[in-house]
$ cat model_1.cif   # mmCIF, C-alpha atoms
data_upload
loop_
_atom_site.label_atom_id
_atom_site.label_comp_id
_atom_site.auth_asym_id
_atom_site.auth_seq_id
_atom_site.Cartn_x
_atom_site.Cartn_y
_atom_site.Cartn_z
CA MET A 1 9.03 -7.55 -25.20
CA ASN A 2 9.80 -4.12 -26.59
CA ASP A 3 6.10 -3.24 -26.73
CA ILE A 4 5.74 -3.32 -22.94
CA ARG A 5 7.62 -0.33 -21.61
CA PRO A 6 6.76 0.08 -17.93
CA ILE A 7 8.90 3.21 -17.48
CA ILE A 8 8.96 5.97 -20.10
CA TRP A 9 10.68 9.34 -19.88
CA ASN A 10 8.88 11.96 -21.99
CA GLU A 11 11.68 14.28 -23.01
CA GLU A 12 9.42 16.83 -24.66
CA ASN A 13 7.17 17.38 -21.65
CA LYS A 14 9.77 16.49 -19.01
CA GLU A 15 7.52 13.95 -17.31
CA LEU A 16 7.71 10.31 -16.24
CA ILE A 17 5.10 7.94 -17.63
CA LEU A 18 4.48 4.64 -15.84
CA ILE A 19 2.25 1.70 -16.66
CA ASP A 20 -0.35 1.75 -13.88
CA GLN A 21 0.10 -1.79 -12.64
CA ARG A 22 -2.91 -1.48 -10.34
CA LYS A 23 -5.13 -1.65 -13.43
CA LEU A 24 -3.60 -4.73 -15.08
CA PRO A 25 -4.62 -7.05 -16.64
CA ALA A 26 -8.05 -5.51 -17.24
CA LYS A 27 -6.70 -2.20 -18.56
CA LEU A 28 -3.36 -1.03 -19.91
CA GLU A 29 -3.33 2.54 -18.58
CA TYR A 30 -0.55 5.01 -17.81
CA PHE A 31 0.17 7.19 -14.80
CA THR A 32 1.94 10.49 -15.48
CA CYS A 33 4.36 11.96 -12.95
CA LYS A 34 5.09 15.67 -13.32
CA THR A 35 6.71 16.14 -9.90
CA TYR A 36 8.73 14.06 -7.47
CA LYS A 37 5.65 13.89 -5.23
CA ASP A 38 3.78 12.15 -8.06
CA VAL A 39 6.61 9.60 -8.22
CA ALA A 40 6.48 9.12 -4.44
CA LEU A 41 2.75 8.43 -4.66
CA ALA A 42 3.28 6.01 -7.56
CA ILE A 43 5.85 4.01 -5.58
CA LYS A 44 3.89 4.00 -2.32
CA ASP A 45 0.58 3.02 -3.95
CA MET A 46 2.26 0.42 -6.20
CA VAL A 47 1.50 2.05 -9.51
CA VAL A 48 5.08 0.91 -10.07
CA ARG A 49 6.54 -2.03 -8.13
CA GLY A 50 9.44 -4.44 -8.30
CA ALA A 51 12.78 -3.47 -6.79
CA PRO A 52 14.63 -2.42 -10.00
CA ALA A 53 11.62 -0.49 -11.35
CA ILE A 54 11.21 1.31 -8.04
CA GLY A 55 14.87 2.34 -8.17
CA VAL A 56 14.64 3.66 -11.73
CA SER A 57 11.42 5.53 -10.97
CA ALA A 58 12.92 7.07 -7.83
CA ALA A 59 15.88 8.32 -9.88
CA TYR A 60 13.50 10.05 -12.26
CA GLY A 61 11.71 11.45 -9.21
CA MET A 62 14.96 13.08 -8.16
CA ALA A 63 15.40 14.41 -11.70
CA LEU A 64 11.92 15.94 -11.58
CA ALA A 65 12.81 17.55 -8.26
CA GLU A 66 15.93 19.12 -9.75
CA LEU A 67 13.94 20.41 -12.74
CA GLU A 68 11.51 22.03 -10.29
CA ASN A 69 14.11 23.50 -7.93
CA SER A 70 17.81 22.76 -8.15
CA SER A 71 18.68 23.97 -4.64
CA THR A 72 20.38 21.41 -2.41
CA ASP A 73 17.72 21.89 0.27
CA PHE A 74 14.94 21.01 -2.17
CA ILE A 75 16.84 18.03 -3.58
CA LYS A 76 17.42 16.74 -0.03
CA LYS A 77 13.70 17.17 0.73
CA ALA A 78 12.79 15.09 -2.31
CA TYR A 79 15.40 12.49 -1.34
CA ASP A 80 13.96 12.17 2.17
CA GLU A 81 10.36 11.87 0.97
CA LEU A 82 11.13 9.33 -1.73
CA LYS A 83 13.19 7.30 0.74
CA LEU A 84 10.11 6.81 2.95
CA THR A 85 7.90 5.33 0.23
CA ARG A 86 8.92 1.64 0.61
CA PRO A 87 11.23 0.35 3.36
CA THR A 88 12.43 -3.07 2.14
CA ALA A 89 13.46 -2.88 -1.54
CA VAL A 90 17.13 -1.88 -1.49
CA ASN A 91 17.22 -0.59 -5.11
CA LEU A 92 15.21 2.43 -3.95
CA PHE A 93 17.95 3.54 -1.58
CA TRP A 94 20.72 2.60 -4.02
CA ALA A 95 19.24 4.80 -6.76
CA LEU A 96 18.52 7.70 -4.43
CA ASP A 97 22.07 7.63 -3.06
CA LYS A 98 23.46 7.55 -6.60
CA CYS A 99 21.42 10.66 -7.39
CA MET A 100 22.55 12.48 -4.26
CA ASP A 101 26.18 11.74 -5.11
CA SER A 102 25.62 13.06 -8.64
CA HIS A 103 24.01 16.24 -7.31
CA LYS A 104 26.95 16.86 -4.99
CA ASN A 105 29.29 16.41 -7.96
CA GLY A 106 27.35 18.77 -10.20
CA ILE A 107 26.02 16.04 -12.50
CA SER A 108 22.54 16.47 -13.98
CA LEU A 109 20.07 14.24 -12.15
CA LEU A 110 18.16 13.71 -15.37
CA ASP A 111 21.33 12.39 -16.99
CA GLU A 112 21.90 10.16 -13.96
CA ALA A 113 18.32 8.83 -14.07
CA LYS A 114 18.64 8.05 -17.78
CA ARG A 115 21.92 6.25 -17.11
CA ILE A 116 20.35 4.14 -14.34
CA HIS A 117 17.40 3.38 -16.63
CA GLU A 118 19.58 2.27 -19.57
CA GLU A 119 21.86 0.28 -17.29
CA ASP A 120 18.89 -1.62 -15.87
CA VAL A 121 17.83 -2.76 -19.34
CA GLU A 122 21.32 -4.09 -20.04
CA LEU A 123 21.60 -5.79 -16.64
CA CYS A 124 18.32 -7.60 -17.20
CA LYS A 125 19.55 -8.85 -20.57
CA LYS A 126 22.76 -10.14 -19.01
CA ILE A 127 20.87 -11.90 -16.20
CA GLY A 128 18.64 -13.60 -18.76
CA LYS A 129 21.47 -14.74 -21.01
CA LEU A 130 23.53 -16.09 -18.12
CA GLY A 131 20.67 -17.62 -16.17
CA GLN A 132 19.10 -19.50 -19.06
CA THR A 133 22.11 -21.84 -19.10
CA LEU A 134 20.73 -23.42 -15.90
CA PHE A 135 17.50 -24.47 -17.61
CA GLU A 136 16.86 -27.35 -19.96
CA ASP A 137 14.52 -28.06 -22.83
CA GLY A 138 11.20 -29.25 -21.47
CA ASP A 139 11.54 -27.69 -18.00
CA VAL A 140 8.44 -26.63 -16.13
CA ILE A 141 9.41 -23.60 -14.06
CA LEU A 142 7.47 -22.24 -11.11
CA THR A 143 7.72 -18.56 -10.24
CA HIS A 144 6.26 -16.31 -7.57
CA CYS A 145 5.04 -12.71 -7.73
CA ASN A 146 6.28 -10.72 -10.75
CA ALA A 147 9.96 -10.40 -11.58
CA GLY A 148 9.41 -9.53 -15.21
CA ALA A 149 9.54 -6.48 -17.45
CA LEU A 150 6.90 -4.80 -15.29
CA ALA A 151 9.21 -5.05 -12.27
CA THR A 152 12.21 -3.59 -14.12
CA SER A 153 12.87 -1.44 -17.19
CA ALA A 154 12.59 -4.36 -19.65
CA TYR A 155 12.86 -8.18 -19.74
CA GLY A 156 12.84 -8.61 -15.95
CA THR A 157 15.08 -10.68 -13.72
CA ALA A 158 13.51 -14.09 -13.11
CA LEU A 159 11.36 -13.71 -16.22
CA SER A 160 14.35 -12.54 -18.23
CA VAL A 161 15.90 -15.95 -17.58
CA ILE A 162 12.70 -17.59 -18.81
CA ARG A 163 12.54 -15.32 -21.85
CA PHE A 164 16.12 -15.99 -22.87
CA ALA A 165 15.64 -19.73 -22.41
CA ARG A 166 12.81 -19.46 -24.91
CA TYR A 167 14.90 -17.27 -27.20
CA ALA A 168 17.54 -20.04 -27.09
CA GLY A 169 14.96 -22.46 -28.48
CA LYS A 170 14.20 -24.28 -25.22
CA ASN A 171 10.65 -25.54 -24.94
CA ILE A 172 9.89 -24.46 -21.39
CA SER A 173 6.64 -23.58 -19.66
CA VAL A 174 5.79 -21.64 -16.53
CA ILE A 175 3.58 -22.10 -13.48
CA SER A 176 2.76 -18.79 -11.82
CA ASP A 177 1.66 -18.51 -8.19
CA GLU A 178 -1.21 -16.03 -7.94
CA THR A 179 0.73 -14.28 -5.11
CA ARG A 180 -1.72 -13.13 -2.49
CA PRO A 181 -2.69 -10.61 -1.37
CA ARG A 182 -2.12 -8.29 -4.36
CA LEU A 183 -2.10 -11.08 -6.96
CA GLN A 184 0.95 -9.90 -8.90
CA GLY A 185 1.57 -13.41 -10.20
CA ALA A 186 -1.94 -13.76 -11.57
CA LYS A 187 -2.38 -10.19 -12.75
CA LEU A 188 1.11 -9.30 -13.96
CA THR A 189 3.24 -12.40 -14.61
CA CYS A 190 0.46 -14.20 -16.45
CA PHE A 191 -0.26 -11.01 -18.42
CA GLU A 192 3.39 -10.65 -19.47
CA LEU A 193 4.01 -14.27 -20.43
CA ASN A 194 0.69 -14.67 -22.20
CA TYR A 195 1.44 -11.47 -24.13
CA GLU A 196 4.70 -13.00 -25.34
CA ASN A 197 3.15 -16.41 -26.06
CA ILE A 198 5.19 -18.18 -23.39
CA PRO A 199 3.04 -21.01 -21.97
CA VAL A 200 1.91 -20.11 -18.45
CA THR A 201 -0.50 -21.71 -16.00
CA ALA A 202 -1.85 -19.87 -12.96
CA ILE A 203 -2.25 -21.59 -9.59
CA SER A 204 -3.32 -20.53 -6.12
CA ASP A 205 -0.30 -20.13 -3.84
CA ASN A 206 -1.26 -23.12 -1.70
CA THR A 207 -1.20 -25.48 -4.72
CA ALA A 208 2.57 -25.28 -5.24
CA GLY A 209 3.60 -27.96 -2.77
CA PHE A 210 1.13 -30.50 -4.11
CA LEU A 211 2.39 -29.95 -7.66
CA MET A 212 5.96 -30.49 -6.46
CA LYS A 213 4.93 -33.75 -4.80
CA GLN A 214 3.39 -34.89 -8.11
CA GLY A 215 6.66 -34.18 -9.94
CA LYS A 216 5.13 -31.39 -12.01
CA VAL A 217 7.72 -28.73 -11.16
CA ASP A 218 11.31 -29.02 -12.41
CA LYS A 219 12.80 -25.76 -11.17
CA ILE A 220 11.80 -22.62 -9.29
CA ILE A 221 13.00 -19.09 -9.98
CA VAL A 222 12.12 -15.84 -8.20
CA GLY A 223 13.39 -12.28 -8.08
CA ALA A 224 14.60 -10.37 -5.01
CA ASP A 225 14.06 -7.03 -3.32
CA ARG A 226 17.18 -7.21 -1.16
CA ILE A 227 20.06 -9.70 -0.88
CA LEU A 228 22.45 -9.46 2.04
CA ALA A 229 26.19 -10.11 1.91
CA ASP A 230 25.60 -13.52 3.52
CA TYR A 231 22.99 -14.31 0.81
CA HIS A 232 19.82 -14.01 2.87
CA VAL A 233 17.19 -13.05 0.30
CA PHE A 234 14.26 -10.73 0.97
CA ASN A 235 11.49 -11.17 -1.57
CA LYS A 236 7.72 -11.18 -1.87
CA ILE A 237 5.95 -12.90 1.02
CA GLY A 238 5.59 -16.59 0.24
CA THR A 239 9.09 -17.00 -1.20
CA TYR A 240 10.39 -18.56 2.04
CA SER A 241 7.59 -21.13 2.01
CA LEU A 242 8.38 -22.07 -1.59
CA ALA A 243 12.08 -22.46 -0.77
CA ILE A 244 11.28 -24.87 2.08
CA LEU A 245 9.00 -26.89 -0.20
CA ALA A 246 11.69 -26.94 -2.89
CA LYS A 247 14.29 -28.20 -0.42
CA TYR A 248 12.02 -31.02 0.75
CA HIS A 249 11.23 -32.10 -2.82
CA ASN A 250 14.84 -31.72 -4.10
CA ILE A 251 13.90 -29.04 -6.64
CA PRO A 252 16.50 -26.38 -7.58
CA PHE A 253 15.57 -22.97 -6.18
CA TYR A 254 17.05 -19.98 -8.04
CA VAL A 255 17.05 -16.25 -7.34
CA ALA A 256 17.70 -13.71 -10.12
CA ALA A 257 18.74 -10.16 -9.28
CA PRO A 258 21.28 -7.49 -10.27
CA TYR A 259 24.07 -6.39 -7.94
CA SER A 260 22.11 -3.19 -7.23
CA THR A 261 19.80 -5.42 -5.16
CA PHE A 262 22.66 -6.48 -2.88
CA ASP A 263 22.99 -4.87 0.55
CA PHE A 264 26.54 -5.26 1.87
CA GLU A 265 26.01 -3.17 5.01
CA ASN A 266 23.08 -4.62 6.93
CA SER A 267 22.32 -7.90 8.68
CA VAL A 268 19.04 -9.81 8.90
CA GLY A 269 18.10 -8.35 12.27
CA ASN A 270 18.05 -4.72 11.18
CA ILE A 271 16.03 -5.02 7.96
CA GLU A 272 12.55 -3.56 8.22
CA ILE A 273 9.93 -5.84 6.68
CA GLU A 274 7.21 -3.70 5.20
CA GLN A 275 3.71 -4.22 6.56
CA ARG A 276 0.94 -2.95 4.35
CA SER A 277 -2.71 -2.08 4.86
CA ASP A 278 -5.30 -4.55 6.21
CA GLU A 279 -7.46 -3.87 3.18
CA GLU A 280 -5.07 -5.70 0.86
CA VAL A 281 -6.01 -8.90 2.72
CA THR A 282 -9.60 -8.16 3.69
CA HIS A 283 -10.64 -7.09 0.18
CA ILE A 284 -10.14 -8.34 -3.38
CA ASP A 285 -10.68 -5.65 -6.02
CA GLY A 286 -12.73 -3.63 -3.57
CA VAL A 287 -14.93 -6.52 -2.38
CA ARG A 288 -14.66 -7.46 1.31
CA ILE A 289 -13.89 -11.15 1.89
CA VAL A 290 -12.98 -11.04 5.60
CA ALA A 291 -15.53 -10.26 8.32
CA GLU A 292 -15.46 -6.78 9.84
CA GLY A 293 -13.33 -6.50 12.96
CA VAL A 294 -11.01 -9.45 12.22
CA PRO A 295 -7.35 -8.43 12.73
CA VAL A 296 -4.89 -8.83 9.86
CA ILE A 297 -1.16 -9.50 9.52
CA ASN A 298 0.06 -8.30 6.14
CA TYR A 299 3.82 -8.56 5.66
CA ALA A 300 4.85 -7.65 2.11
CA PHE A 301 8.13 -9.62 2.19
CA ASP A 302 9.84 -12.53 3.90
CA CYS A 303 13.44 -13.67 4.24
CA THR A 304 14.88 -16.85 2.73
CA PRO A 305 18.17 -18.11 4.25
CA PRO A 306 21.04 -19.12 1.95
CA GLU A 307 20.88 -22.82 2.85
CA LEU A 308 17.58 -23.00 0.93
CA ILE A 309 18.94 -21.31 -2.21
CA THR A 310 20.57 -23.31 -5.01
CA ALA A 311 22.02 -20.31 -6.83
CA ILE A 312 21.73 -16.55 -7.24
CA ILE A 313 21.90 -15.32 -10.84
CA THR A 314 23.42 -11.85 -11.27
CA GLU A 315 24.48 -9.92 -14.35
CA ASP A 316 28.11 -10.98 -13.88
CA LYS A 317 28.07 -14.49 -12.48
CA ILE A 318 26.09 -17.27 -10.89
CA ILE A 319 26.64 -17.44 -7.14
CA TYR A 320 26.28 -20.73 -5.27
CA PRO A 321 25.72 -19.75 -1.60
CA ASN A 322 26.34 -23.26 -0.26
CA LYS A 323 29.59 -24.02 -2.08
#
$ encode --input "model_1.cif" --output "structure tokens"
Amino acid sequence: MNDIRPIIWNEENKELILIDQRKLPAKLEYFTCKTYKDVALAIKDMVVRGAPAIGVSAAYGMALAELENSSTDFIKKAYDELKLTRPTAVNLFWALDKCMDSHKNGISLLDEAKRIHEEDVELCKKIGKLGQTLFEDGDVILTHCNAGALATSAYGTALSVIRFARYAGKNISVISDETRPRLQGAKLTCFELNYENIPVTAISDNTAGFLMKQGKVDKIIVGADRILADYHVFNKIGTYSLAILAKYHNIPFYVAAPYSTFDFENSVGNIEIEQRSDEEVTHIDGVRIVAEGVPVINYAFDCTPPELITAIITEDKIIYPNK
């Protein structure tokens, strides 16, 4: 997976280079960030997405701010603007707070961003190596959205588990929900797995339950954008529905995420669920599919309670919320 590098720091030009995930799978193009405002735009418009990748990118955004103007007032301005880009993914706030602490302590924000970046790669490896022990040769695994290399710095979280199961010689295959409305499962997960020759089949989101009923799904694994101390999991909209279906059909439902995705301060009631533009639902690739004037509800995330989760795979251990 070394060929797909979603986040690249160009040391010579002091700029952040991101795979433009809005263009995949049709084109593999890059988006260059020369200022923290470029990074803010990239996060808000989903050039880069996935909780860990957002956190790493935000850290580089802070580094770019410091390179532009190292005054505390300017750094705080960048912090505040980057913080407003996406409200639900906790890694964003975690990385920004790390950078603010480093600035207060006189540590280079570029050094801090590089550290966060390198740490993310290692965490993803550890999640994959630990999580693959839960999967068996011949498993058919269903996943939702994209929790792969494109959502992190490398390997991914949920897809890291799948990758390392394959590396361990297990003959597994994947079913990928398309993941409406932005189709990250179809556009990104299928792109990644097909690139690495891991067998993957795409389905429409509303096919998952019927496949479970037919016995064609052995296990389910997803990533997470925020996990609370009581193990409520916030992830891409549609995750909650999958967890309910898994419970009904007695299929193990796993979540893979690093500890940086955990939120030990908030409760379910005070988490803002991001709502995105109507156009993401009313249009597909610029073509209108919903009649003019029809109202839209477009939540980006939902919340899955711990009683529906079999286990949460972190870099350090496997957590069983119901034991």
$ resolve_selection --input "model_1.cif" --expression "the PyMOL selection byres ((chain A and resi 150) around 9)" --output "compact mmCIF listing (two decimals) with C-alpha atoms, in the coordinates of the input"
# COMPACT_ATOMS: atom_id res chain seq x y z
CA ILE A 4 5.74 -3.32 -22.94
CA ARG A 5 7.62 -0.33 -21.61
CA PRO A 6 6.76 0.08 -17.93
CA ILE A 7 8.90 3.21 -17.48
CA ILE A 19 2.25 1.70 -16.66
CA GLN A 21 0.10 -1.79 -12.64
CA VAL A 48 5.08 0.91 -10.07
CA ARG A 49 6.54 -2.03 -8.13
CA GLY A 50 9.44 -4.44 -8.30
CA ALA A 53 11.62 -0.49 -11.35
CA ASN A 146 6.28 -10.72 -10.75
CA ALA A 147 9.96 -10.40 -11.58
CA GLY A 148 9.41 -9.53 -15.21
CA ALA A 149 9.54 -6.48 -17.45
CA ALA A 151 9.21 -5.05 -12.27
CA THR A 152 12.21 -3.59 -14.12
CA SER A 153 12.87 -1.44 -17.19
CA ALA A 154 12.59 -4.36 -19.65
CA TYR A 155 12.86 -8.18 -19.74
CA GLY A 156 12.84 -8.61 -15.95
CA LEU A 188 1.11 -9.30 -13.96
CA THR A 189 3.24 -12.40 -14.61
CA GLU A 192 3.39 -10.65 -19.47
$ resolve_selection --input "model_1.cif" --expression "the PyMOL selection byres ((chain A and resi 239) around 9)" --output "mmCIF file with C-alpha atoms, in the frame of the given file"
data_model
loop_
_atom_site.group_PDB
_atom_site.id
_atom_site.type_symbol
_atom_site.label_atom_id
_atom_site.label_comp_id
_atom_site.auth_asym_id
_atom_site.auth_seq_id
_atom_site.Cartn_x
_atom_site.Cartn_y
_atom_site.Cartn_z
ATOM 1 C CA HIS A 144 6.260 -16.310 -7.570
ATOM 2 C CA CYS A 145 5.040 -12.710 -7.730
ATOM 3 C CA VAL A 222 12.120 -15.840 -8.200
ATOM 4 C CA PHE A 234 14.260 -10.730 0.970
ATOM 5 C CA ASN A 235 11.490 -11.170 -1.570
ATOM 6 C CA LYS A 236 7.720 -11.180 -1.870
ATOM 7 C CA ILE A 237 5.950 -12.900 1.020
ATOM 8 C CA GLY A 238 5.590 -16.590 0.240
ATOM 9 C CA TYR A 240 10.390 -18.560 2.040
ATOM 10 C CA SER A 241 7.590 -21.130 2.010
ATOM 11 C CA LEU A 242 8.380 -22.070 -1.590
ATOM 12 C CA ALA A 243 12.080 -22.460 -0.770
ATOM 13 C CA ILE A 244 11.280 -24.870 2.080
ATOM 14 C CA PHE A 301 8.130 -9.620 2.190
ATOM 15 C CA ASP A 302 9.840 -12.530 3.900
ATOM 16 C CA CYS A 303 13.440 -13.670 4.240
ATOM 17 C CA THR A 304 14.880 -16.850 2.730
#
$ resolve_selection --input "model_1.cif" --expression "the PyMOL selection byres ((chain A and resi 88-96) around 10)" --output "JSON, numbers by chain"
{"A": [43, 49, 50, 51, 52, 53, 54, 55, 56, 57, 58, 59, 60, 61, 62, 78, 79, 80, 82, 83, 84, 85, 86, 87, 97, 98, 99, 100, 101, 102, 112, 113, 116, 224, 225, 226, 227, 228, 234, 235, 258, 259, 260, 261, 262, 263, 271, 272, 273, 274, 275, 300, 301, 302]}
$ write_last_selection --input "model_1.cif" --atoms "C-alpha atoms" --output "mmCIF file, keeping the file's coordinate frame"
data_model
loop_
_atom_site.group_PDB
_atom_site.id
_atom_site.type_symbol
_atom_site.label_atom_id
_atom_site.label_comp_id
_atom_site.auth_asym_id
_atom_site.auth_seq_id
_atom_site.Cartn_x
_atom_site.Cartn_y
_atom_site.Cartn_z
ATOM 1 C CA ILE A 43 5.850 4.010 -5.580
ATOM 2 C CA ARG A 49 6.540 -2.030 -8.130
ATOM 3 C CA GLY A 50 9.440 -4.440 -8.300
ATOM 4 C CA ALA A 51 12.780 -3.470 -6.790
ATOM 5 C CA PRO A 52 14.630 -2.420 -10.000
ATOM 6 C CA ALA A 53 11.620 -0.490 -11.350
ATOM 7 C CA ILE A 54 11.210 1.310 -8.040
ATOM 8 C CA GLY A 55 14.870 2.340 -8.170
ATOM 9 C CA VAL A 56 14.640 3.660 -11.730
ATOM 10 C CA SER A 57 11.420 5.530 -10.970
ATOM 11 C CA ALA A 58 12.920 7.070 -7.830
ATOM 12 C CA ALA A 59 15.880 8.320 -9.880
ATOM 13 C CA TYR A 60 13.500 10.050 -12.260
ATOM 14 C CA GLY A 61 11.710 11.450 -9.210
ATOM 15 C CA MET A 62 14.960 13.080 -8.160
ATOM 16 C CA ALA A 78 12.790 15.090 -2.310
ATOM 17 C CA TYR A 79 15.400 12.490 -1.340
ATOM 18 C CA ASP A 80 13.960 12.170 2.170
ATOM 19 C CA LEU A 82 11.130 9.330 -1.730
ATOM 20 C CA LYS A 83 13.190 7.300 0.740
ATOM 21 C CA LEU A 84 10.110 6.810 2.950
ATOM 22 C CA THR A 85 7.900 5.330 0.230
ATOM 23 C CA ARG A 86 8.920 1.640 0.610
ATOM 24 C CA PRO A 87 11.230 0.350 3.360
ATOM 25 C CA ASP A 97 22.070 7.630 -3.060
ATOM 26 C CA LYS A 98 23.460 7.550 -6.600
ATOM 27 C CA CYS A 99 21.420 10.660 -7.390
ATOM 28 C CA MET A 100 22.550 12.480 -4.260
ATOM 29 C CA ASP A 101 26.180 11.740 -5.110
ATOM 30 C CA SER A 102 25.620 13.060 -8.640
ATOM 31 C CA GLU A 112 21.900 10.160 -13.960
ATOM 32 C CA ALA A 113 18.320 8.830 -14.070
ATOM 33 C CA ILE A 116 20.350 4.140 -14.340
ATOM 34 C CA ALA A 224 14.600 -10.370 -5.010
ATOM 35 C CA ASP A 225 14.060 -7.030 -3.320
ATOM 36 C CA ARG A 226 17.180 -7.210 -1.160
ATOM 37 C CA ILE A 227 20.060 -9.700 -0.880
ATOM 38 C CA LEU A 228 22.450 -9.460 2.040
ATOM 39 C CA PHE A 234 14.260 -10.730 0.970
ATOM 40 C CA ASN A 235 11.490 -11.170 -1.570
ATOM 41 C CA PRO A 258 21.280 -7.490 -10.270
ATOM 42 C CA TYR A 259 24.070 -6.390 -7.940
ATOM 43 C CA SER A 260 22.110 -3.190 -7.230
ATOM 44 C CA THR A 261 19.800 -5.420 -5.160
ATOM 45 C CA PHE A 262 22.660 -6.480 -2.880
ATOM 46 C CA ASP A 263 22.990 -4.870 0.550
ATOM 47 C CA ILE A 271 16.030 -5.020 7.960
ATOM 48 C CA GLU A 272 12.550 -3.560 8.220
ATOM 49 C CA ILE A 273 9.930 -5.840 6.680
ATOM 50 C CA GLU A 274 7.210 -3.700 5.200
ATOM 51 C CA GLN A 275 3.710 -4.220 6.560
ATOM 52 C CA ALA A 300 4.850 -7.650 2.110
ATOM 53 C CA PHE A 301 8.130 -9.620 2.190
ATOM 54 C CA ASP A 302 9.840 -12.530 3.900
#
$ residues_around --input "model_1.cif" --residues "range 23-33 of chain A" --least-positions-apart "2" --cutoff "9 Å" --atoms "only C-alpha atoms" --output "list in words"
Pro6, Glu15, Leu16, Ile17, Leu18, Ile19, Asp20, Gln21, Thr35, Tyr36, Lys37, Asp38, Val39, Ala42, Val47, Gly61, Leu64, Ala186, Lys187, Leu188, Cys190 and Phe191 of chain A
$ write_last_selection --input "model_1.cif" --atoms "C-alpha atoms" --output "PDB file, in the coordinates of the input"
ATOM      1  CA  PRO A   6       6.760   0.080 -17.930  1.00  0.00           C
ATOM      2  CA  GLU A  15       7.520  13.950 -17.310  1.00  0.00           C
ATOM      3  CA  LEU A  16       7.710  10.310 -16.240  1.00  0.00           C
ATOM      4  CA  ILE A  17       5.100   7.940 -17.630  1.00  0.00           C
ATOM      5  CA  LEU A  18       4.480   4.640 -15.840  1.00  0.00           C
ATOM      6  CA  ILE A  19       2.250   1.700 -16.660  1.00  0.00           C
ATOM      7  CA  ASP A  20      -0.350   1.750 -13.880  1.00  0.00           C
ATOM      8  CA  GLN A  21       0.100  -1.790 -12.640  1.00  0.00           C
ATOM      9  CA  THR A  35       6.710  16.140  -9.900  1.00  0.00           C
ATOM     10  CA  TYR A  36       8.730  14.060  -7.470  1.00  0.00           C
ATOM     11  CA  LYS A  37       5.650  13.890  -5.230  1.00  0.00           C
ATOM     12  CA  ASP A  38       3.780  12.150  -8.060  1.00  0.00           C
ATOM     13  CA  VAL A  39       6.610   9.600  -8.220  1.00  0.00           C
ATOM     14  CA  ALA A  42       3.280   6.010  -7.560  1.00  0.00           C
ATOM     15  CA  VAL A  47       1.500   2.050  -9.510  1.00  0.00           C
ATOM     16  CA  GLY A  61      11.710  11.450  -9.210  1.00  0.00           C
ATOM     17  CA  LEU A  64      11.920  15.940 -11.580  1.00  0.00           C
ATOM     18  CA  ALA A 186      -1.940 -13.760 -11.570  1.00  0.00           C
ATOM     19  CA  LYS A 187      -2.380 -10.190 -12.750  1.00  0.00           C
ATOM     20  CA  LEU A 188       1.110  -9.300 -13.960  1.00  0.00           C
ATOM     21  CA  CYS A 190       0.460 -14.200 -16.450  1.00  0.00           C
ATOM     22  CA  PHE A 191      -0.260 -11.010 -18.420  1.00  0.00           C
TER      23      PHE A 191
END
$ closest_residue --input "model_1.cif" --among "A:Glu196, A:Glu119, A:Asp218, A:Asp205" --to "Asp137 in chain A" --atoms "all atoms listed in the file"
A:Asp218
$ residues_around --input "model_1.cif" --residues "Ile313 in chain A" --least-positions-apart "4" --cutoff "10 Å" --atoms "all atoms listed in the file" --output "NGL selection string"
:A and (126-128 or 130-132 or 134 or 157-158 or 161 or 221 or 223 or 254-259 or 317-320)
$ atom_distance --input "model_1.cif" --atom1 "CA of Thr282 in chain A" --atom2 "CA of Ala40 in chain A"
25.0 Å
$ closest_residue --input "model_1.cif" --among "A:Pro295, A:Pro305, A:Gly286, A:Pro252" --to "Val140 in chain A" --atoms "only C-alpha atoms"
A:Pro252
$ residues_around --input "model_1.cif" --residues "Asn250 in chain A" --least-positions-apart "6" --cutoff "12 Å" --atoms "only C-alpha atoms" --output "ChimeraX atom specification"
/A:209,212-213,215,217-220,242-244,308-310
$ atom_distance --input "model_1.cif" --atom1 "CA of Ser176 in chain A" --atom2 "CA of His283 in chain A"
21.5 Å
$ atom_distance --input "model_1.cif" --atom1 "CA of Thr179 in chain A" --atom2 "CA of Asp139 in chain A"
21.5 Å
$ axis_aligned_box --input "model_1.cif" --around "range 130-141 of chain A" --padding-each-side "3 Å" --output "JSON"
{"center_x": 16.0, "center_y": -22.7, "center_z": -18.4, "size_x": 21.1, "size_y": 19.2, "size_z": 14.8}
